[in-house]
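Quick look at data04.txt (compact mmCIF, N, CA and C atoms):
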# COMPACT_ATOMS: atom_id res chain seq x y z
N MET A 258 0.82 -1.19 0.00
CA MET A 258 0.00 0.00 0.00
C MET A 258 0.87 1.26 0.00
N THR A 259 1.89 1.29 0.85
CA THR A 259 2.78 2.44 0.92
C THR A 259 3.50 2.65 -0.41
N LYS A 260 3.92 1.54 -1.02
CA LYS A 260 4.61 1.61 -2.30
C LYS A 260 3.70 2.24 -3.37
N TYR A 261 2.42 1.88 -3.35
CA TYR A 261 1.45 2.44 -4.30
C TYR A 261 1.27 3.94 -4.06
N ILE A 262 1.18 4.36 -2.81
CA ILE A 262 1.01 5.77 -2.47
C ILE A 262 2.23 6.57 -2.92
N VAL A 263 3.42 6.04 -2.66
CA VAL A 263 4.65 6.73 -3.06
C VAL A 263 4.73 6.83 -4.58
N LYS A 264 4.42 5.76 -5.29
CA LYS A 264 4.46 5.79 -6.76
C LYS A 264 3.42 6.78 -7.30
N SER A 265 2.24 6.82 -6.70
CA SER A 265 1.22 7.77 -7.13
C SER A 265 1.67 9.21 -6.90
N TYR A 266 2.28 9.44 -5.75
CA TYR A 266 2.79 10.77 -5.44
C TYR A 266 3.88 11.16 -6.43
N LEU A 267 4.81 10.26 -6.70
CA LEU A 267 5.90 10.55 -7.63
C LEU A 267 5.38 10.77 -9.05
N ALA A 268 4.34 10.06 -9.44
CA ALA A 268 3.73 10.27 -10.76
C ALA A 268 3.14 11.68 -10.83
N LEU A 269 2.50 12.11 -9.75
CA LEU A 269 1.94 13.46 -9.69
C LEU A 269 3.05 14.51 -9.77
N VAL A 270 4.13 14.30 -9.06
CA VAL A 270 5.28 15.22 -9.09
C VAL A 270 5.86 15.28 -10.50
N ASN A 271 5.98 14.14 -11.16
CA ASN A 271 6.51 14.12 -12.52
C ASN A 271 5.59 14.87 -13.49
N ARG A 272 4.28 14.73 -13.31
CA ARG A 272 3.34 15.48 -14.16
C ARG A 272 3.48 16.97 -13.92
N PHE A 273 3.63 17.36 -12.66
CA PHE A 273 3.82 18.77 -12.33
C PHE A 273 5.12 19.28 -12.95
N ASN A 274 6.19 18.49 -12.88
CA ASN A 274 7.47 18.87 -13.49
C ASN A 274 7.32 19.03 -15.00
N SER A 275 6.59 18.12 -15.64
CA SER A 275 6.36 18.22 -17.08
C SER A 275 5.58 19.48 -17.42
N PHE A 276 4.58 19.79 -16.60
CA PHE A 276 3.80 21.01 -16.80
C PHE A 276 4.71 22.23 -16.72
N LEU A 277 5.58 22.28 -15.72
CA LEU A 277 6.48 23.42 -15.57
C LEU A 277 7.47 23.52 -16.72
N LYS A 278 7.96 22.39 -17.20
CA LYS A 278 8.90 22.41 -18.32
C LYS A 278 8.26 22.98 -19.57
N ASN A 279 6.97 22.72 -19.76
CA ASN A 279 6.26 23.17 -20.95
C ASN A 279 5.57 24.53 -20.76
N LEU A 280 5.64 25.08 -19.56
CA LEU A 280 4.93 26.31 -19.25
C LEU A 280 5.44 27.48 -20.08
N GLY A 281 6.70 27.72 -20.09
CA GLY A 281 7.28 28.80 -20.86
C GLY A 281 6.98 30.17 -20.28
N SER A 282 7.50 31.17 -20.94
CA SER A 282 7.37 32.55 -20.47
C SER A 282 5.92 33.03 -20.45
N PHE A 283 5.14 32.65 -21.45
CA PHE A 283 3.75 33.12 -21.50
C PHE A 283 2.93 32.57 -20.34
N GLY A 284 3.00 31.28 -20.09
CA GLY A 284 2.25 30.68 -18.98
C GLY A 284 2.70 31.21 -17.64
N LEU A 285 4.01 31.40 -17.49
CA LEU A 285 4.54 31.94 -16.25
C LEU A 285 4.06 33.38 -16.05
N ALA A 286 3.98 34.15 -17.12
CA ALA A 286 3.49 35.53 -17.03
C ALA A 286 2.02 35.56 -16.62
N ILE A 287 1.22 34.59 -17.07
CA ILE A 287 -0.19 34.52 -16.67
C ILE A 287 -0.29 34.25 -15.17
N ILE A 288 0.47 33.29 -14.66
CA ILE A 288 0.46 32.98 -13.23
C ILE A 288 0.91 34.19 -12.42
N TYR A 289 1.95 34.84 -12.89
CA TYR A 289 2.45 36.04 -12.22
C TYR A 289 1.36 37.12 -12.16
N THR A 290 0.68 37.34 -13.26
CA THR A 290 -0.31 38.41 -13.35
C THR A 290 -1.48 38.18 -12.39
N VAL A 291 -1.92 36.95 -12.23
CA VAL A 291 -3.00 36.64 -11.29
C VAL A 291 -2.57 37.00 -9.86
N GLY A 292 -1.38 36.61 -9.47
CA GLY A 292 -0.88 36.96 -8.14
C GLY A 292 -0.73 38.46 -7.98
N HIS A 293 -0.27 39.10 -9.03
CA HIS A 293 -0.09 40.56 -9.00
C HIS A 293 -1.42 41.27 -8.78
N ILE A 294 -2.48 40.78 -9.37
CA ILE A 294 -3.79 41.40 -9.20
C ILE A 294 -4.21 41.41 -7.73
N TRP A 295 -4.03 40.29 -7.05
CA TRP A 295 -4.39 40.23 -5.63
C TRP A 295 -3.54 41.17 -4.80
N ILE A 296 -2.27 41.23 -5.07
CA ILE A 296 -1.38 42.14 -4.35
C ILE A 296 -1.79 43.59 -4.60
N ALA A 297 -2.12 43.92 -5.85
CA ALA A 297 -2.50 45.29 -6.21
C ALA A 297 -3.80 45.73 -5.53
N ILE A 298 -4.79 44.85 -5.46
CA ILE A 298 -6.05 45.20 -4.79
C ILE A 298 -5.81 45.54 -3.33
N LEU A 299 -5.06 44.70 -2.65
CA LEU A 299 -4.81 44.92 -1.23
C LEU A 299 -4.02 46.19 -0.98
N CYS A 300 -3.00 46.44 -1.79
CA CYS A 300 -2.20 47.66 -1.61
C CYS A 300 -3.02 48.92 -1.90
N ALA A 301 -3.76 48.94 -3.00
CA ALA A 301 -4.54 50.13 -3.36
C ALA A 301 -5.63 50.42 -2.33
N ALA A 302 -6.31 49.39 -1.89
CA ALA A 302 -7.38 49.59 -0.91
C ALA A 302 -6.82 50.17 0.39
N TYR A 303 -5.66 49.71 0.79
CA TYR A 303 -5.07 50.17 2.05
C TYR A 303 -4.43 51.56 1.90
N ILE A 304 -3.58 51.75 0.90
CA ILE A 304 -2.83 53.00 0.77
C ILE A 304 -3.71 54.18 0.39
N PHE A 305 -4.64 53.99 -0.55
CA PHE A 305 -5.48 55.09 -1.02
C PHE A 305 -6.82 55.15 -0.29
N ASP A 306 -7.03 54.23 0.63
CA ASP A 306 -8.32 54.13 1.32
C ASP A 306 -9.45 54.11 0.29
N ALA A 307 -9.22 53.35 -0.75
CA ALA A 307 -10.15 53.29 -1.89
C ALA A 307 -11.14 52.15 -1.70
N SER A 308 -12.25 52.27 -2.39
CA SER A 308 -13.22 51.18 -2.39
C SER A 308 -12.60 49.99 -3.12
N LEU A 309 -13.12 48.82 -2.83
CA LEU A 309 -12.59 47.63 -3.50
C LEU A 309 -12.85 47.68 -5.00
N ASN A 310 -13.95 48.33 -5.42
CA ASN A 310 -14.23 48.45 -6.85
C ASN A 310 -13.15 49.26 -7.56
N LEU A 311 -12.81 50.42 -7.00
CA LEU A 311 -11.79 51.25 -7.61
C LEU A 311 -10.41 50.59 -7.51
N ALA A 312 -10.15 49.95 -6.38
CA ALA A 312 -8.89 49.23 -6.23
C ALA A 312 -8.80 48.10 -7.25
N ALA A 313 -9.94 47.47 -7.54
CA ALA A 313 -9.95 46.40 -8.53
C ALA A 313 -9.66 46.92 -9.94
N VAL A 314 -10.15 48.13 -10.25
CA VAL A 314 -9.85 48.73 -11.55
C VAL A 314 -8.34 48.88 -11.69
N ASP A 315 -7.71 49.47 -10.68
CA ASP A 315 -6.25 49.61 -10.67
C ASP A 315 -5.58 48.25 -10.70
N ALA A 316 -6.15 47.32 -9.96
CA ALA A 316 -5.55 46.00 -9.84
C ALA A 316 -5.62 45.18 -11.12
N PHE A 317 -6.51 45.53 -12.02
CA PHE A 317 -6.56 44.82 -13.30
C PHE A 317 -5.77 45.52 -14.39
N ILE A 318 -5.82 46.84 -14.41
CA ILE A 318 -5.13 47.57 -15.47
C ILE A 318 -3.61 47.53 -15.27
N GLU A 319 -3.15 47.90 -14.10
CA GLU A 319 -1.70 47.97 -13.85
C GLU A 319 -1.01 46.61 -13.96
N PRO A 320 -1.56 45.54 -13.39
CA PRO A 320 -0.90 44.24 -13.54
C PRO A 320 -0.86 43.71 -14.98
N ILE A 321 -1.86 44.07 -15.76
CA ILE A 321 -1.83 43.63 -17.16
C ILE A 321 -0.65 44.29 -17.87
N ILE A 322 -0.47 45.57 -17.61
CA ILE A 322 0.69 46.27 -18.18
C ILE A 322 1.98 45.62 -17.67
N ASN A 323 2.03 45.36 -16.35
CA ASN A 323 3.22 44.73 -15.78
C ASN A 323 3.39 43.28 -16.22
N GLY A 324 2.30 42.61 -16.57
CA GLY A 324 2.40 41.26 -17.12
C GLY A 324 3.15 41.26 -18.44
N PHE A 325 2.88 42.28 -19.27
CA PHE A 325 3.64 42.41 -20.52
C PHE A 325 5.10 42.73 -20.23
N TRP A 326 5.34 43.56 -19.22
CA TRP A 326 6.70 43.89 -18.81
C TRP A 326 7.42 42.62 -18.33
N PHE A 327 6.75 41.82 -17.50
CA PHE A 327 7.31 40.55 -17.02
C PHE A 327 7.64 39.63 -18.20
N TYR A 328 6.69 39.49 -19.12
CA TYR A 328 6.87 38.61 -20.27
C TYR A 328 8.09 39.04 -21.09
N ALA A 329 8.18 40.34 -21.37
CA ALA A 329 9.30 40.83 -22.18
C ALA A 329 10.63 40.55 -21.50
N LEU A 330 10.71 40.81 -20.20
CA LEU A 330 11.97 40.56 -19.49
C LEU A 330 12.30 39.07 -19.44
N HIS A 331 11.30 38.25 -19.11
CA HIS A 331 11.56 36.81 -19.00
C HIS A 331 11.90 36.20 -20.36
N LYS A 332 11.22 36.65 -21.39
CA LYS A 332 11.43 36.11 -22.74
C LYS A 332 12.78 36.52 -23.32
N PHE A 333 13.14 37.79 -23.14
CA PHE A 333 14.31 38.31 -23.83
C PHE A 333 15.55 38.51 -22.96
N CYS A 334 15.38 38.52 -21.64
CA CYS A 334 16.52 38.83 -20.77
C CYS A 334 16.84 37.76 -19.73
N ALA A 335 16.01 36.73 -19.59
CA ALA A 335 16.20 35.75 -18.52
C ALA A 335 17.53 35.02 -18.62
N GLU A 336 17.98 34.76 -19.83
CA GLU A 336 19.25 34.05 -20.00
C GLU A 336 20.44 35.00 -20.01
N ILE A 337 20.20 36.28 -20.23
CA ILE A 337 21.28 37.26 -20.30
C ILE A 337 21.63 37.78 -18.91
N LEU A 338 20.60 38.10 -18.14
CA LEU A 338 20.77 38.68 -16.81
C LEU A 338 20.62 37.61 -15.73
N GLY A 339 21.30 37.78 -14.64
CA GLY A 339 21.12 36.89 -13.50
C GLY A 339 19.78 37.16 -12.84
N LYS A 340 19.35 36.26 -11.97
CA LYS A 340 18.04 36.39 -11.33
C LYS A 340 17.91 37.70 -10.56
N LEU A 341 18.94 38.07 -9.82
CA LEU A 341 18.87 39.28 -9.01
C LEU A 341 18.84 40.53 -9.90
N THR A 342 19.68 40.58 -10.91
CA THR A 342 19.69 41.73 -11.83
C THR A 342 18.37 41.83 -12.57
N LEU A 343 17.86 40.71 -13.02
CA LEU A 343 16.58 40.68 -13.71
C LEU A 343 15.47 41.20 -12.81
N THR A 344 15.49 40.82 -11.55
CA THR A 344 14.49 41.27 -10.58
C THR A 344 14.60 42.78 -10.35
N ILE A 345 15.81 43.30 -10.28
CA ILE A 345 16.01 44.74 -10.07
C ILE A 345 15.50 45.54 -11.28
N VAL A 346 15.84 45.10 -12.48
CA VAL A 346 15.38 45.78 -13.70
C VAL A 346 13.86 45.75 -13.76
N TYR A 347 13.29 44.60 -13.46
CA TYR A 347 11.84 44.48 -13.44
C TYR A 347 11.22 45.46 -12.45
N THR A 348 11.78 45.56 -11.26
CA THR A 348 11.23 46.39 -10.20
C THR A 348 11.26 47.87 -10.56
N ILE A 349 12.33 48.32 -11.19
CA ILE A 349 12.42 49.73 -11.61
C ILE A 349 11.31 50.06 -12.61
N GLY A 350 11.12 49.20 -13.59
CA GLY A 350 10.04 49.40 -14.55
C GLY A 350 8.68 49.35 -13.90
N HIS A 351 8.52 48.45 -12.95
CA HIS A 351 7.26 48.31 -12.23
C HIS A 351 6.93 49.57 -11.44
N ILE A 352 7.91 50.18 -10.82
CA ILE A 352 7.69 51.40 -10.04
C ILE A 352 7.15 52.51 -10.94
N PHE A 353 7.75 52.68 -12.09
CA PHE A 353 7.29 53.70 -13.03
C PHE A 353 5.85 53.42 -13.48
N ILE A 354 5.56 52.19 -13.86
CA ILE A 354 4.22 51.83 -14.32
C ILE A 354 3.19 52.03 -13.20
N ALA A 355 3.51 51.61 -12.00
CA ALA A 355 2.59 51.73 -10.87
C ALA A 355 2.30 53.19 -10.53
N THR A 356 3.31 54.04 -10.58
CA THR A 356 3.11 55.46 -10.27
C THR A 356 2.15 56.09 -11.27
N MET A 357 2.39 55.86 -12.54
CA MET A 357 1.54 56.47 -13.57
C MET A 357 0.10 55.97 -13.48
N CYS A 358 -0.09 54.69 -13.22
CA CYS A 358 -1.45 54.16 -13.09
C CYS A 358 -2.17 54.77 -11.90
N ALA A 359 -1.50 54.89 -10.75
CA ALA A 359 -2.13 55.43 -9.55
C ALA A 359 -2.51 56.89 -9.73
N VAL A 360 -1.65 57.68 -10.36
CA VAL A 360 -1.96 59.09 -10.59
C VAL A 360 -3.20 59.22 -11.46
N VAL A 361 -3.29 58.42 -12.49
CA VAL A 361 -4.42 58.50 -13.42
C VAL A 361 -5.70 57.95 -12.80
N ILE A 362 -5.65 56.78 -12.20
CA ILE A 362 -6.86 56.11 -11.70
C ILE A 362 -7.41 56.75 -10.43
N PHE A 363 -6.54 57.07 -9.47
CA PHE A 363 -7.00 57.59 -8.18
C PHE A 363 -6.99 59.11 -8.12
N SER A 364 -6.55 59.77 -9.17
CA SER A 364 -6.41 61.24 -9.18
C SER A 364 -5.70 61.71 -7.92
N THR A 365 -4.61 61.09 -7.63
CA THR A 365 -3.87 61.35 -6.40
C THR A 365 -2.60 62.13 -6.70
N THR A 366 -1.95 62.55 -5.65
CA THR A 366 -0.68 63.25 -5.82
C THR A 366 0.40 62.24 -6.20
N VAL A 367 1.45 62.77 -6.78
CA VAL A 367 2.56 61.90 -7.17
C VAL A 367 3.21 61.30 -5.93
N ASN A 368 3.22 62.04 -4.81
CA ASN A 368 3.84 61.53 -3.57
C ASN A 368 3.14 60.26 -3.07
N LEU A 369 1.81 60.32 -3.02
CA LEU A 369 1.07 59.15 -2.55
C LEU A 369 1.15 58.01 -3.57
N ALA A 370 1.11 58.36 -4.84
CA ALA A 370 1.27 57.34 -5.89
C ALA A 370 2.64 56.70 -5.80
N ALA A 371 3.65 57.50 -5.47
CA ALA A 371 5.01 56.96 -5.34
C ALA A 371 5.10 56.00 -4.16
N LEU A 372 4.38 56.30 -3.07
CA LEU A 372 4.36 55.37 -1.93
C LEU A 372 3.83 54.02 -2.37
N ASP A 373 2.69 54.04 -3.06
CA ASP A 373 2.13 52.79 -3.58
C ASP A 373 3.08 52.16 -4.58
N ALA A 374 3.71 53.01 -5.38
CA ALA A 374 4.61 52.52 -6.42
C ALA A 374 5.86 51.87 -5.86
N PHE A 375 6.23 52.17 -4.63
CA PHE A 375 7.38 51.51 -4.02
C PHE A 375 6.97 50.29 -3.19
N VAL A 376 5.88 50.41 -2.47
CA VAL A 376 5.44 49.30 -1.61
C VAL A 376 5.00 48.10 -2.43
N GLU A 377 4.09 48.33 -3.35
CA GLU A 377 3.55 47.22 -4.14
C GLU A 377 4.62 46.51 -4.99
N PRO A 378 5.48 47.23 -5.70
CA PRO A 378 6.51 46.53 -6.49
C PRO A 378 7.51 45.75 -5.64
N ILE A 379 7.77 46.22 -4.45
CA ILE A 379 8.68 45.45 -3.58
C ILE A 379 8.04 44.11 -3.24
N ILE A 380 6.75 44.13 -2.93
CA ILE A 380 6.04 42.88 -2.67
C ILE A 380 6.03 42.02 -3.93
N ASN A 381 5.76 42.66 -5.08
CA ASN A 381 5.74 41.92 -6.35
C ASN A 381 7.12 41.44 -6.78
N ALA A 382 8.17 42.13 -6.37
CA ALA A 382 9.52 41.67 -6.69
C ALA A 382 9.79 40.32 -6.03
N PHE A 383 9.33 40.16 -4.78
CA PHE A 383 9.46 38.87 -4.12
C PHE A 383 8.65 37.80 -4.87
N TRP A 384 7.45 38.17 -5.32
CA TRP A 384 6.60 37.27 -6.10
C TRP A 384 7.31 36.89 -7.40
N PHE A 385 7.87 37.87 -8.11
CA PHE A 385 8.60 37.64 -9.36
C PHE A 385 9.79 36.71 -9.12
N TYR A 386 10.59 37.02 -8.10
CA TYR A 386 11.78 36.23 -7.79
C TYR A 386 11.40 34.79 -7.45
N PHE A 387 10.35 34.62 -6.66
CA PHE A 387 9.87 33.29 -6.30
C PHE A 387 9.48 32.50 -7.55
N LEU A 388 8.66 33.13 -8.42
CA LEU A 388 8.22 32.42 -9.63
C LEU A 388 9.39 32.08 -10.54
N HIS A 389 10.28 33.04 -10.76
CA HIS A 389 11.43 32.81 -11.64
C HIS A 389 12.33 31.71 -11.07
N SER A 390 12.57 31.75 -9.77
CA SER A 390 13.41 30.73 -9.13
C SER A 390 12.74 29.36 -9.19
N PHE A 391 11.45 29.33 -8.91
CA PHE A 391 10.69 28.08 -8.94
C PHE A 391 10.71 27.49 -10.34
N TYR A 392 10.46 28.35 -11.34
CA TYR A 392 10.47 27.90 -12.73
C TYR A 392 11.86 27.38 -13.12
N SER A 393 12.90 28.13 -12.75
CA SER A 393 14.26 27.72 -13.09
C SER A 393 14.63 26.38 -12.46
N ALA A 394 14.23 26.20 -11.22
CA ALA A 394 14.57 24.97 -10.51
C ALA A 394 13.83 23.77 -11.06
N TYR A 395 12.54 23.92 -11.32
CA TYR A 395 11.73 22.78 -11.72
C TYR A 395 11.71 22.52 -13.22
N SER A 396 11.96 23.55 -14.03
CA SER A 396 11.93 23.32 -15.47
C SER A 396 13.17 22.57 -15.94
N LYS A 397 14.22 22.56 -15.13
CA LYS A 397 15.44 21.86 -15.50
C LYS A 397 15.59 20.52 -14.79
N GLY A 398 14.64 20.19 -13.91
CA GLY A 398 14.71 18.94 -13.15
C GLY A 398 14.54 17.71 -14.04
N ALA A 399 15.12 16.66 -13.61
CA ALA A 399 15.10 15.42 -14.41
C ALA A 399 13.92 14.52 -14.04
N GLY A 400 13.13 14.91 -13.07
CA GLY A 400 12.03 14.06 -12.64
C GLY A 400 12.46 13.19 -11.48
N VAL A 401 11.52 12.50 -10.90
CA VAL A 401 11.80 11.65 -9.77
C VAL A 401 11.27 10.26 -10.05
N SER A 402 11.83 9.27 -9.38
CA SER A 402 11.35 7.91 -9.57
C SER A 402 11.44 7.16 -8.25
N TYR A 403 10.73 6.06 -8.19
CA TYR A 403 10.75 5.22 -7.00
C TYR A 403 11.76 4.12 -7.21
N GLU A 404 12.86 4.17 -6.48
CA GLU A 404 13.91 3.17 -6.59
C GLU A 404 13.77 2.18 -5.43
N GLN A 405 13.87 0.90 -5.74
CA GLN A 405 13.78 -0.09 -4.66
C GLN A 405 15.14 -0.36 -4.09
Any chance you could put this one into structure tokens?
Amino acid sequence: MTKYIVKSYLALVNRFNSFLKNLGSFGLAIIYTVGHIWIAILCAAYIFDASLNLAAVDAFIEPIINGFWFYALHKFCAEILGKLTLTIVYTIGHIFIATMCAVVIFSTTVNLAALDAFVEPIINAFWFYFLHSFYSAYSKGAGVSYEQ
């Protein structure tokens, strides 16, 4: 029974590894964008004391723009830049995008938009680094097997 459970678990892990190997930059950008939306809603609602509806508007528009930014960096720079450098470049672009979106959507001052633009991207930088590291680690894995 234990042998069957272990083999079933390892088969599931191998399927997950295959999924990650075939995910690519586009699929990874989709996963990133969904997480980014949740982070953006929470940050906007708290920092701007905005309604969840308005925070959701910001949370959908800004992450979609940043999803394209993520895709471009991962697609064209992931092999050129190291993980840390890639994360820093991503974060600088994210700060600019977040500031402009907050100024336009919330009709707020640049100072308050800049606060959101620094807090939210720092949280998203950890999200980006986690996804990129996870993808790098699992997309190159050889799979697992049950050895007797």
key: Minimum-distance residue to A:Pro320, chosen among A:Ser265, A:Thr290, A:Thr366, A:Ser275 (using only C-alpha atoms)   =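 Closest to A:Pro320, using only C-alpha atoms: A:Thr290.
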Kindly provide the residues of stretch 346-395 of chain A that approach stretch 291-305 of chain A to within 7 Å, each paired with its closest atom pair and their distance in Å to one decimal, based on all atoms listed in the file, listed by chain and increasing number, as CSV.
residue,atom,partner,partner_atom,distance
A:Asp373,CA,A:Ile304,CA,6.6
A:Glu377,CA,A:Cys300,CA,6.3
A:Asn381,CA,A:His293,CA,6.5
task = Could you please determine the separation between atom C of A:Phe375 and atom CA of A:Tyr392 in Å, to one decimal place?
result =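 A separation of 24.6 Å between them.
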query = Counting only C-alpha atoms, what is within 10 Å of stretch 328-342 of chain A, bar same-chain residues fewer than 6 positions away, as number ranges by chain?
reply = A: 281-287, 289-290, 348, 382, 385-386, 389-390, 393
request  = Enter the distance from atom CA of A:Ile352 to atom CA of A:Phe391, in Å, rounded to one decimal.
outcome  = 23.5 Å
request  = Have a look at atom CA of A:Phe325 and atom N of A:Ile345 and let me know their distance in Å, one decimal.
outcome  = 15.9 Å
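Comparing the minimum interatomic distances between A:Ala371 and each of A:Ala313, A:Val346, A:Leu388, A:Ala359, counting all atoms listed in the file, we find that A:Ala359 sits nearest.
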task = Have a look at A:Trp326, A:Glu319, A:Leu311, A:Ile380 and name the one nearest to A:Ile354; count only N, CA and C atoms.
result = A:Glu319
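If you measure from each of A:Arg272, A:Gly324, A:Thr344, A:Thr356 to A:Phe383 using only C-alpha atoms, the closest one turns out to be A:Thr344.
In terms of minimum interatomic distance to A:Ile362, A:Val314 ranks closest within A:Val314, A:Tyr266, A:Asn271, A:Lys260, counting only N, CA and C atoms.
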